Every structure is written in C-alpha cells, then in structure tokens.
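Below is one structure, written out as structure tokens; the observations come after it.
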Amino acid sequence: MRRNEIYLPVPGEDKNLDGDFREKDGNNESMPMKTLYARDGSLLHAQLGPYFSDGQRRVDYVLTYSIHKPSGVRRQSSKFDDATFFQRLRRSMSTRSSRAPLQPKEDPEIVATDQQANFHEDDKRFKREEFEQNLLDMGLELEKDERTKISGLGFLKIHAPWTVLCREAEMMKLKMPTTKLYEVKQGTNIVEKIRLFIHKVTDPLHPKVGPTRLEDVKSLSLPFSREKQHLFDLSDRDLFFDSKTRSSIVYEVLKRIRWTRPNYSMGITSLLANGVYTSAFPLHDGDVEGDGGKPNDRQLLFEEWASYSVFYKYQPIGLIRKYFGEKVGLYFAWLGVYTQMLIPAAIVGVIVFLYGCATVDDNIPSMEICDPRNNITMCPLCDQVCSYWKLVTACGTARASHLFDNPATVFFSVFMALWAVLFMEHWKRRQMRLNYIWDLTDYGMEEEDHNRAEYELRVAEKTMRQDQGAPKDEKPKLTCTDRMPAYLTTVLMMAFMIAVTFAIAFGVILYRISIKAALHISSYPVARSNIRATVKTTAAIINLIVIIILDEIYAYIARWLTLKEVPKTDKSFEERLIFKTFILKFVNAFTPIVYLAFFRGRLVGRPGKYLYVVGTYRMEECAHAGCLMELCIQLCITMLGKQLIQNNLFEIGIPKLKKLLRKRKSELTSKQEEELNKTLKRYEKDHFLGPFVGINPEYMEMIIQFGMVTLFVASFPLAPLFALLNNIIEIRLDAKKFVTELRRPIAAKAKDIGIWYNLLRGLSKVAVIVNAFVIAFTSDFVPRLVYQYMYSPDGSLHGFVNHSLSYFEVKDFELGTAPIQPHHLGYTVDVCRYKDYREPPGSITPYALSKEFWAILAVRLAFVIIFQNLVMLMSDFVDWLIPDIPKDISLQIHREKLLMLDHFMKEEQGKKLPVRDNYNHDNYTSPSLDNGSPSQPRSRPKFQARAGW
C-alpha cells in the first residue's frame, strides 16, 4: 500500500453520535487502511477465506481489539436471528408503554466512571493508531473489520507484501531452497541398509499427505538474499513463502515495532498485556472439512494425523513442521520416537510378568506361606483391637507379590536402564536427521530474544520513580535487588508447597493406620474379610485424587511465582517456569511412591517397642511378602489415573464443556449456529478457538510418565505397556486439539527439545540408582539370595520363611498394647512371630539385631554399588558405541557445504564472463543434478520429512 493513496473510511456511525468521538472529514479521507465495507455500508467482497476484501492478498496475521461504545449509545446486537429480534422489539414496546421515564437521571458517580472508561478507551485507540501507522511505515498492508458478527470486537488484518517478505527473510537469515538440486547418497553401512529396508517394508503405514518425493534428490538451501534472488525459484511468488513463514515474518516485525512515548516504549507484547489489543494470532489455512477442491494442509493433517482411525500409521512429521513450525514438529517427532521405543519395552515387560505368572506355583517361599501345616502365629498388626493371626491368611498376597518380585525383575531393571540410553541415542540421531532434512544444521539461537511485556512495564515504572539526577546514559534494567522480594517469595512458597505435599502424604498414612484399626473392630464380616486390600486400594485412590488436584494448583502457583520474578525474555521465563513446575509436580506424584518403596516397614520398631507418631498411631508394617505389592498397586493406580483422568479426560472433557457453555450462552439453536458458522469469516472462526499456550504442558505429562516407566520399573513391569497404550491415544488426542481446537501457533524455530532433554537424561541416571535400591531394600531378592547361599542346608529356599521370622514372647508387650481378645484363634498364644532379623527372647541380648541382619545389609549395599556401576558402565559403553550423528547425515552435511561453496564460486566466476558467454553462464547455473546433466527449470519440490511416530 502507498501512503498517498486515499482509502475508504472506517464505518463510524456510532462514533459520530458523540461529540467526543466526532472526527473531521479530512481524517476519514486520509485513514491509511482499507475496510471491508463501502461508503453505503455494504460488503465489498463475500470472501470467507484468509484473504483481504479484494480476495487476492492473504491475511498473514490478525490483531483483535475491543470496540468501545460511548455511554448513552446502544450497541447493535450481533445476533441476527428472528427470535432475538422479536424479543428486543417486545422489550422495547413494553418499555415505552410503561410509566417509567424514558431518560432516567443517572447517578453522578456512574457518569464519572463512564467518562473515565471512555478516557482509557481513547488512550488505547490513540496507541493503536500510532502503532498501526508504524506498521504502515514498515511496508505492511492493513485492513480493518469492525462490523463483524462478534459484538464489541474489531479485527485488524495484516498482509506482508513481497518486498517486506524479502527484506525480513534476509534480515532473519531464513534458509530457502534454491533451484540447485543434488543427489542424496544413501548410507552403505549395515545400520542404514536395515533402516531403509524397514522404511520400505512399512511403506503402507506412512500417511499419504502429498506427492511422493524422490528419496535421492534434495534442494540446496541458502540464506535468502535479495541480491541473489536469481538463485531461488521465484516462478510462483505466492508459494515461495508458505503461510507458516509469512506469519512468522509478520510476527517478527510486530515484535520490533514500538509505540513510543518519552521514557516508555511498548511493543506488541506490551500492547497485548495492557489491553490495547486483546489477541494476536495467525490464521488457519481453512476449515477441516473439505469443500470438494484441493485439500489444504489443515485438512490433510485432520484426515491423516488427527483421526483415531489412523492410529496405526506414522505421523506426517514433515507436514506438521510445515504447518506448525519446527518446535511443535520436534515435540511430536520426539513423542513418536518415545512411543516407538516403548514397544520393545512393553513386550519384555509382558514377558517378565508372564514369567512370574508361570512360576508362581514353583515359588517355594509362597508355597510355605500357603501351607497350613506350618501353623505359624503372627504378632498383631495394631495395638489392642488387632489380634493374633495366621500366616496362611497372607497366602494370596504372597502369590501376587511373586508376579512382581522374582529374579526376572532384576533383569528387567537392567534392560530398562539400557533401554533409556538407547532411547536417548535414538532420539539424538533422529533429531540430527530432522535437522538435516529441515535445513537446521547451521541454525543457532543467536537471534534476538525480545523483552517480555511485564519486564518492560516494570522497567518503565522504575524509570519513572528514578531521581532526575540519575545518569541518562545508563540503560535502566531490573537488578537482583529489585527481584529479591520475588526470589524470597519463590523460595518460601516452594518450600511451603513441598511441605504441604509431605503433610498430605502423611495424612494418607494416618488414614491407613486408623481405617485399618476401624475395620479390625468392625462387626461386619465383609469389612473384616480383606482388610489389607481395602486399605491399600482406597488409600491409593485418595492419593490419586490429591495428586490430580495439587497438580492443577501447583501449575498456577509456579506460573504466578515466575511472573513475580519478572524474567527479561521469553526463554528465561520458560526455563524458570519449567523448573518450578517440574519440581512441584515431581514431588507431588512420587512422594507416596517413595514412601512405600523406601520408608514403609523400615520405621516400625518391634513388638514390645513399637514406634508411635502423633500420640498413639503406630507406624505401618509391610505384608510378610514385602511392600512391593503395595508399591505396585500405588504405581498402577497413580499412572493409570493420571493418564485416563488428567491427561485424556481433562483434555477431551474441558474443551467440550467450554463449547457447551458457549452454546448455552449464545441462545442459538444448533441449526442457527450451523448457518451462522457458514457465514463467519476465517478470522472470526479462529477467534473462537482456544489460544495456544505452548507445548510445555504436553512435555510435562510425558516427562512424568517417563519417570513412572523408568524409576520404579522393578516393581511394575507392566508400566511400559500402559504408557504405550496411553501414548497411542495421546498422539491423536493432541493432534486433534492442535488442528481443530486451538488457534494456529506462531511457527517457532528450534534445533532440539531444549531443557527437556536434560531432564530426561537426569531421570534415566536417577532410575538406575532408584531401581538398585528397590531391588536391594524393597524386594526380598537379596535376603533370599543370602539365605540360599549362606544359611540353606540344601542350597534351596526351603525354610526361608521360618528363617526370616523372629520370635516374641507375648508377656513382653508394653502395658496397654496387648490384644484385647487374645484367644481369638481358640488357643492361648505364648509366642508370636514377626518379620525381622532379631535375637530370640532367651538369648544374651534379646530382641537385638542378629548377625543375619548385618550380613544381609552388607549384601544389600554391595548389590547397590555393583548394580549401579555395572549398569552405568554398560550405559556409557552403549552411548560411546552409537554415534550421535548418523554417518550418512554427517557426510551429506559436509558434502552440502562443499556444494554451497562451489555454487558460490561458480556464480562469481559467471559474473566475470563477457556478454557473449551469457548463454553458457545460463546453462551453467540452471538447475541440475549433481552428475552435471542439465535439466529444465522446475518449481521447488515440496519435501516432507520421513514420517515417524
């Protein structure tokens, strides 16, 4: 657009009704933007796609703002249905026929408030006008639409012409494909041959999202330069910069343009934060339902990615990157690799579980527990109300524990530690391949990270408070002293939230203790039939509910604390927010699990000298078969509950609930809403979609799940299977959300997944240590091993149960702790047994820890050290063995650099040729394959990355 062109006026029939909003005619004539309406108020064009009113120029970005109506002026309703019209007519007639005055006297305070609101709206309007003028000065083309079907909302549509796109692409150093094609040589080693073979075999699983590309040809990409436009294929300028690139270019311009006043400068983020504009977003390419024509990228994504019917197919990663940008594309590529790698882990986990099922009848310790001939009387599980009990009653728990506590679980722990390393290595190689395909190998984070709006506001406030004598050349900024109150608040609040998590976990412990005592004294046989299972299950469900509720609270608290710190840039804000959220959610999810794995049953004491908390509450004991079964139940319920309720149900249910509430508020029938939706323009439809809040919540879900899969896998070998089934649904659920329910995000470039990789690597290292301690201290693997090779008379596990139980004389009970009904079993009990390694009552040091206890403890610690070092050594060896960059990719990157240098050298030599050699020069620089055979100029091929999960 040219500045000296006369544009159509913005329809201002409401504005001209008030003297304060009356504008001169000259202002209308010089309004530097077009509108959708002619002077008579009629539509210039009925174009509903992402275009200006002329139907030619594409809308690259949209800003929305509130349209303020002055007091005393009735706002025209945006609902055009007949029922609403007649309701307003009847209401108007009833008002006029009443005896009430038509113009009641208004309260002076209300009038003053309205005038103050009008003043603020005028200030926003003036800021918008100056900001939009600056946009025009940068060469962008603007068009307003204030008479939409959305009441009180105006849209500013922005289009970047070719000159602006070229200028900004050169400034941003965007790599664009040239007309130079070269041959991509496939790898010749065994790994690459296997990869290509798998790719051919699984070809039916690849989505059909575009024309089949030549696997052995790639376009040479160079940073765009206006001086070297002849190197790029500009045969179709409308397709040279796709919609994702156009919107990202406009967004960079918006971030750079400022609304400036003395001592204060506001960019687009500040204008959004201050309500000058209400939202800003790029447009989707079109509707997800096809209209019979050529499908756009959004329709292809909906059909081949966001549908549950294609759950068995790979993801169209290349198309995802093309539509949403590299950052979103990398997330779904990572999620696909993670889901892929869960398949072998799930298979091995199921085999380990089936091994436990197959060998449960051959497990000697559980057979001894279930043998009624042993007639072992156990000490009470609680004071007074609990009586003595027979060990045979724990038969079911002992047999079930063998499913998760058998020699195969040790192998599975080692396998999962190596699996985590292989997963990280596989992802690094996949990431490098995507970087090569997406031309990100030379990409760095050197671009300017703009200041956040909150930071600019705080700096402006600090500048206004500064003394006039302060040095003018010193650029104001927030120092550590300015942020000290926020830092102290963060530390105290984080400590308080972690303490709340511990307190709630302790409250659940007290619930288990008290409910167990209550069930023991219950007169209902059903309640007393299976006390342990009832207490375990209900406590795990309570823990799950608390975890889900606290997760939502902690997410808001972490964001609030990060906002209080006022980080300078978006990158700093994101890293601080991720760190706080991860700490709080990790502690919240794993506190009950860590207690069951390492603390329950360790702080009990012994009969006659139990450990009490909060007065008379006796600490919990583990079942005879150990706490591994309870740990498995807790982990299973937490993992499944978080995935089904928090991840899936919330993501499906909350958007549908919001949509239902919008329908109820709209007062339109389904048919009327469908008809209205057909007449809405593209930017109006996208306005009703949810704002894009980033992919960090999606990463956080998967990181917590990764912790569940790896940290305590020794106690729950089916965790990879449940994670795999969840992720198959999660991929399509997230895809549908991104395609149909959210506004299109800004295409953000990224070379890797950032801080999330460090968290994954840290969890994989911690998982080795945690599983070593679970096997050594939580399971009975080490005590059985010690008994079999040190104390067993025949080298078997016969007699292990009797060896692991100590004796206690009931006369040594403390006063008031003995059972009230000691003859519950029908005979007098003089001696009971309990699980521990202590000296018998008749020894020199009765009830002291025996030498067997110290021998087993030494072996436990030795096992932890050997297991940890052995597994980490194997992990480091695998890490060293597998190169981070595939060999064929490293060769292609090197070759591409040589081709680029050679291409520039030939171009410089061609410039020095005389005029008579122009023909040869043209032939020389025409598109050609690497073998030198000439070819005709062709349009830039649309490359898609190989599909992956």
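Ordered as shown in the structure tokens, chains take letters A, B, and onward, while each chain numbers its residues from 1 and ligands are numbered from 1 in the order shown.
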- Message: Could you list, as an MDAnalysis selection string, every residue within 12 Å of A:Val878, counting only C-alpha atoms and ignoring same-chain residues fewer than 5 positions away?
- Response: chainID A and resid 417:426 871:873 883:884
Generate a file of the selected residues that holds all heavy atoms, formatted as a short mmCIF file (atom, residue, chain, number, x, y, z; two decimals), in the first residue's frame.
data_model
loop_
_atom_site.label_atom_id
_atom_site.label_comp_id
_atom_site.auth_asym_id
_atom_site.auth_seq_id
_atom_site.Cartn_x
_atom_site.Cartn_y
_atom_site.Cartn_z
N ALA A 417 17.26 -49.82 32.05
CA ALA A 417 18.34 -48.82 32.13
C ALA A 417 19.03 -48.68 30.78
O ALA A 417 19.28 -47.56 30.30
CB ALA A 417 19.34 -49.21 33.21
N LEU A 418 19.31 -49.81 30.14
CA LEU A 418 19.91 -49.76 28.80
C LEU A 418 18.90 -49.22 27.78
O LEU A 418 19.28 -48.54 26.83
CB LEU A 418 20.40 -51.15 28.39
CG LEU A 418 21.50 -51.75 29.26
CD1 LEU A 418 21.86 -53.15 28.78
CD2 LEU A 418 22.73 -50.86 29.24
N TRP A 419 17.63 -49.54 27.98
CA TRP A 419 16.59 -49.03 27.08
C TRP A 419 16.55 -47.50 27.10
O TRP A 419 16.40 -46.86 26.04
CB TRP A 419 15.24 -49.59 27.50
CG TRP A 419 14.08 -48.99 26.78
CD1 TRP A 419 13.54 -49.39 25.60
CD2 TRP A 419 13.30 -47.85 27.19
NE1 TRP A 419 12.49 -48.58 25.25
CE2 TRP A 419 12.32 -47.63 26.20
CE3 TRP A 419 13.35 -47.01 28.30
CZ2 TRP A 419 11.39 -46.59 26.30
CZ3 TRP A 419 12.42 -45.97 28.39
CH2 TRP A 419 11.46 -45.76 27.41
N ALA A 420 16.67 -46.93 28.29
CA ALA A 420 16.65 -45.47 28.40
C ALA A 420 17.81 -44.85 27.63
O ALA A 420 17.66 -43.84 26.94
CB ALA A 420 16.70 -45.05 29.87
N VAL A 421 19.00 -45.48 27.71
CA VAL A 421 20.16 -44.96 26.97
C VAL A 421 19.93 -45.10 25.47
O VAL A 421 20.21 -44.17 24.69
CB VAL A 421 21.43 -45.71 27.40
CG1 VAL A 421 22.63 -45.23 26.58
CG2 VAL A 421 21.70 -45.50 28.88
N LEU A 422 19.41 -46.24 25.04
CA LEU A 422 19.14 -46.44 23.62
C LEU A 422 18.10 -45.44 23.11
O LEU A 422 18.19 -44.95 21.98
CB LEU A 422 18.67 -47.87 23.37
CG LEU A 422 19.74 -48.97 23.49
CD1 LEU A 422 19.09 -50.34 23.41
CD2 LEU A 422 20.78 -48.82 22.39
N PHE A 423 17.11 -45.17 23.94
CA PHE A 423 16.09 -44.20 23.56
C PHE A 423 16.69 -42.82 23.36
O PHE A 423 16.41 -42.14 22.35
CB PHE A 423 14.99 -44.15 24.63
CG PHE A 423 14.12 -42.93 24.57
CD1 PHE A 423 13.40 -42.62 23.42
CD2 PHE A 423 14.03 -42.08 25.66
CE1 PHE A 423 12.61 -41.48 23.36
CE2 PHE A 423 13.24 -40.95 25.61
CZ PHE A 423 12.53 -40.65 24.46
N MET A 424 17.55 -42.39 24.29
CA MET A 424 18.19 -41.09 24.16
C MET A 424 19.09 -41.03 22.92
O MET A 424 19.11 -40.03 22.19
CB MET A 424 19.01 -40.77 25.41
CG MET A 424 18.22 -40.85 26.72
SD MET A 424 16.86 -39.69 26.79
CE MET A 424 17.72 -38.16 26.92
N GLU A 425 19.82 -42.11 22.66
CA GLU A 425 20.70 -42.13 21.49
C GLU A 425 19.89 -42.15 20.20
O GLU A 425 20.23 -41.46 19.23
CB GLU A 425 21.63 -43.35 21.55
CG GLU A 425 22.64 -43.31 22.67
CD GLU A 425 23.55 -42.09 22.55
OE1 GLU A 425 24.04 -41.82 21.45
OE2 GLU A 425 23.78 -41.42 23.57
N HIS A 426 18.83 -42.93 20.20
CA HIS A 426 17.97 -42.98 19.01
C HIS A 426 17.36 -41.62 18.73
O HIS A 426 17.27 -41.20 17.56
CB HIS A 426 16.88 -44.03 19.22
CG HIS A 426 15.95 -44.19 18.06
ND1 HIS A 426 16.35 -43.99 16.74
CD2 HIS A 426 14.65 -44.53 17.99
CE1 HIS A 426 15.34 -44.20 15.93
NE2 HIS A 426 14.28 -44.52 16.66
N VAL A 871 25.58 -51.17 35.54
CA VAL A 871 24.59 -50.68 34.58
C VAL A 871 25.04 -49.35 33.96
O VAL A 871 24.90 -49.13 32.75
CB VAL A 871 23.22 -50.54 35.26
CG1 VAL A 871 22.22 -49.87 34.33
CG2 VAL A 871 22.70 -51.90 35.69
N MET A 872 25.59 -48.45 34.79
CA MET A 872 26.06 -47.18 34.23
C MET A 872 27.24 -47.38 33.30
O MET A 872 27.37 -46.66 32.29
CB MET A 872 26.42 -46.22 35.36
CG MET A 872 25.20 -45.65 36.07
SD MET A 872 25.61 -44.26 37.15
CE MET A 872 23.97 -43.72 37.64
N LEU A 873 28.11 -48.35 33.60
CA LEU A 873 29.22 -48.64 32.70
C LEU A 873 28.70 -49.16 31.37
O LEU A 873 29.17 -48.75 30.30
CB LEU A 873 30.16 -49.66 33.35
CG LEU A 873 31.39 -50.06 32.54
CD1 LEU A 873 32.30 -48.86 32.31
CD2 LEU A 873 32.15 -51.19 33.23
N PRO A 883 27.12 -43.45 17.54
CA PRO A 883 27.42 -42.03 17.29
C PRO A 883 26.14 -41.19 17.33
O PRO A 883 25.06 -41.65 16.95
CB PRO A 883 28.04 -42.04 15.90
CG PRO A 883 27.54 -43.29 15.25
CD PRO A 883 27.36 -44.29 16.36
N ASP A 884 26.28 -39.95 17.80
CA ASP A 884 25.13 -39.06 17.89
C ASP A 884 24.60 -38.67 16.52
O ASP A 884 23.39 -38.45 16.35
CB ASP A 884 25.49 -37.80 18.68
CG ASP A 884 25.79 -38.11 20.13
OD1 ASP A 884 25.46 -39.22 20.58
OD2 ASP A 884 26.38 -37.24 20.81
#
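For stretch 735-879 of chain A, the set of residues given strand (DSSP E) by DSSP on the backbone reads Leu805, Ser806, Tyr807, Phe808, Glu809, Val831, Cys832, Arg833, Tyr834 and Lys835 of chain A.
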- Message: Please list as an NGL selection string every residue within 12 Å of A:Arg744, counting only C-alpha atoms and excluding residues in the same chain fewer than 5 positions away.
- Response: :A and (60-62 or 243-244 or 247-248 or 280-286 or 298 or 320 or 323-325 or 328 or 683 or 685-694 or 737-739)
- Please indicate the distance in Å from atom CA of A:Lys124 to atom CA of A:Tyr65, rounded to one decimal place.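 A separation of 9.4 Å between them.
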- Counting only C-alpha atoms, what is within 9 Å of A:Asp780, bar same-chain residues fewer than 2 positions away, as an MDAnalysis selection string? chainID A and resid 405:406 625:626 628 775:778 782:785
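With only C-alpha atoms as the basis for measurement, A:Lys887 is the residue among A:His894, A:Arg618, A:Lys835, A:Lys887 that approaches A:Arg429 most closely.
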- Message: One number please: atom CA of A:Phe722 to atom CA of A:Gln646, in Å, one decimal.
- Response: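 Taking atom CA of A:Phe722 and atom CA of A:Gln646, their separation equals 14.9 Å.
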- Find the residues near stretch 756-761 of chain A: any atom within 8 Å, counting only C-alpha atoms, skip ones fewer than 3 places away on the same chain, and give them as a list of chain:residue names.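 That gives A:Met424, A:Tyr699, A:Ile703, A:Phe706, A:Ile753, A:Ser764, A:Lys765.
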- Find, counting only C-alpha atoms, the residue in A:Lys585, A:Lys294, A:Lys811, A:Lys736 that gets nearest to A:Glu701. A:Lys585
Give me, as a PDB file with C-alpha atoms, in the first residue's frame, all polymer residues having an atom no more than 8 Å from A:Ile731, counting only C-alpha atoms and skipping those fewer than 4 positions away in the same chain.
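Contents of out_37.pdb, freshly written:
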ATOM      1  CA  PHE A 332       5.620 -34.769  18.019  1.00  0.00           C
ATOM      2  CA  LEU A 335       6.764 -38.275  21.188  1.00  0.00           C
ATOM      3  CA  GLY A 336       6.715 -40.619  18.205  1.00  0.00           C
ATOM      4  CA  ASN A 727       0.616 -42.587  24.076  1.00  0.00           C
ATOM      5  CA  ALA A 735      -3.205 -33.823  17.101  1.00  0.00           C
TER       6      ALA A 735
END
- A:Thr393 environment, 10 Å, only C-alpha atoms, sequence neighbours closer than 2 positions dropped, as a PyMOL selection string: chain A and resi 369-370+372+389-391+395-398+530
Next, write the just-selected residues to a file, as a PDB file, in the first residue's frame, keeping N, CA and C atoms as the atom set.
ATOM      1  N   ILE A 369       4.261 -70.289  52.789  1.00  0.00           N
ATOM      2  CA  ILE A 369       3.277 -69.420  53.443  1.00  0.00           C
ATOM      3  C   ILE A 369       1.876 -70.000  53.299  1.00  0.00           C
ATOM      4  N   CYS A 370       1.574 -70.559  52.149  1.00  0.00           N
ATOM      5  CA  CYS A 370       0.233 -71.094  51.892  1.00  0.00           C
ATOM      6  C   CYS A 370       0.028 -72.484  52.499  1.00  0.00           C
ATOM      7  N   PRO A 372      -0.872 -74.851  55.197  1.00  0.00           N
ATOM      8  CA  PRO A 372      -1.489 -74.740  56.547  1.00  0.00           C
ATOM      9  C   PRO A 372      -0.797 -75.597  57.593  1.00  0.00           C
ATOM     10  N   TRP A 389      -2.788 -63.511  64.276  1.00  0.00           N
ATOM     11  CA  TRP A 389      -3.308 -64.002  63.004  1.00  0.00           C
ATOM     12  C   TRP A 389      -2.381 -65.066  62.444  1.00  0.00           C
ATOM     13  N   LYS A 390      -2.941 -65.887  61.583  1.00  0.00           N
ATOM     14  CA  LYS A 390      -2.191 -66.986  60.984  1.00  0.00           C
ATOM     15  C   LYS A 390      -1.504 -66.511  59.699  1.00  0.00           C
ATOM     16  N   LEU A 391      -0.271 -66.951  59.510  1.00  0.00           N
ATOM     17  CA  LEU A 391       0.477 -66.557  58.327  1.00  0.00           C
ATOM     18  C   LEU A 391      -0.174 -67.079  57.052  1.00  0.00           C
ATOM     19  N   CYS A 395      -1.634 -65.837  52.156  1.00  0.00           N
ATOM     20  CA  CYS A 395      -1.258 -66.657  51.004  1.00  0.00           C
ATOM     21  C   CYS A 395      -1.493 -65.910  49.692  1.00  0.00           C
ATOM     22  N   GLY A 396      -2.658 -65.270  49.548  1.00  0.00           N
ATOM     23  CA  GLY A 396      -2.983 -64.573  48.300  1.00  0.00           C
ATOM     24  C   GLY A 396      -2.012 -63.439  48.008  1.00  0.00           C
ATOM     25  N   THR A 397      -1.682 -62.667  49.046  1.00  0.00           N
ATOM     26  CA  THR A 397      -0.739 -61.560  48.862  1.00  0.00           C
ATOM     27  C   THR A 397       0.644 -62.068  48.488  1.00  0.00           C
ATOM     28  N   ALA A 398       1.063 -63.176  49.094  1.00  0.00           N
ATOM     29  CA  ALA A 398       2.385 -63.727  48.798  1.00  0.00           C
ATOM     30  C   ALA A 398       2.464 -64.212  47.360  1.00  0.00           C
ATOM     31  N   ASN A 530     -11.229 -58.733  53.989  1.00  0.00           N
ATOM     32  CA  ASN A 530      -9.997 -58.421  53.256  1.00  0.00           C
ATOM     33  C   ASN A 530      -9.568 -56.999  53.590  1.00  0.00           C
TER      34      ASN A 530
END
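Compared by their closest atoms to A:Cys636, and using only C-alpha atoms, the residues A:Phe716, A:Gly653, A:Lys609, A:Ser151 rank with A:Phe716 nearest.
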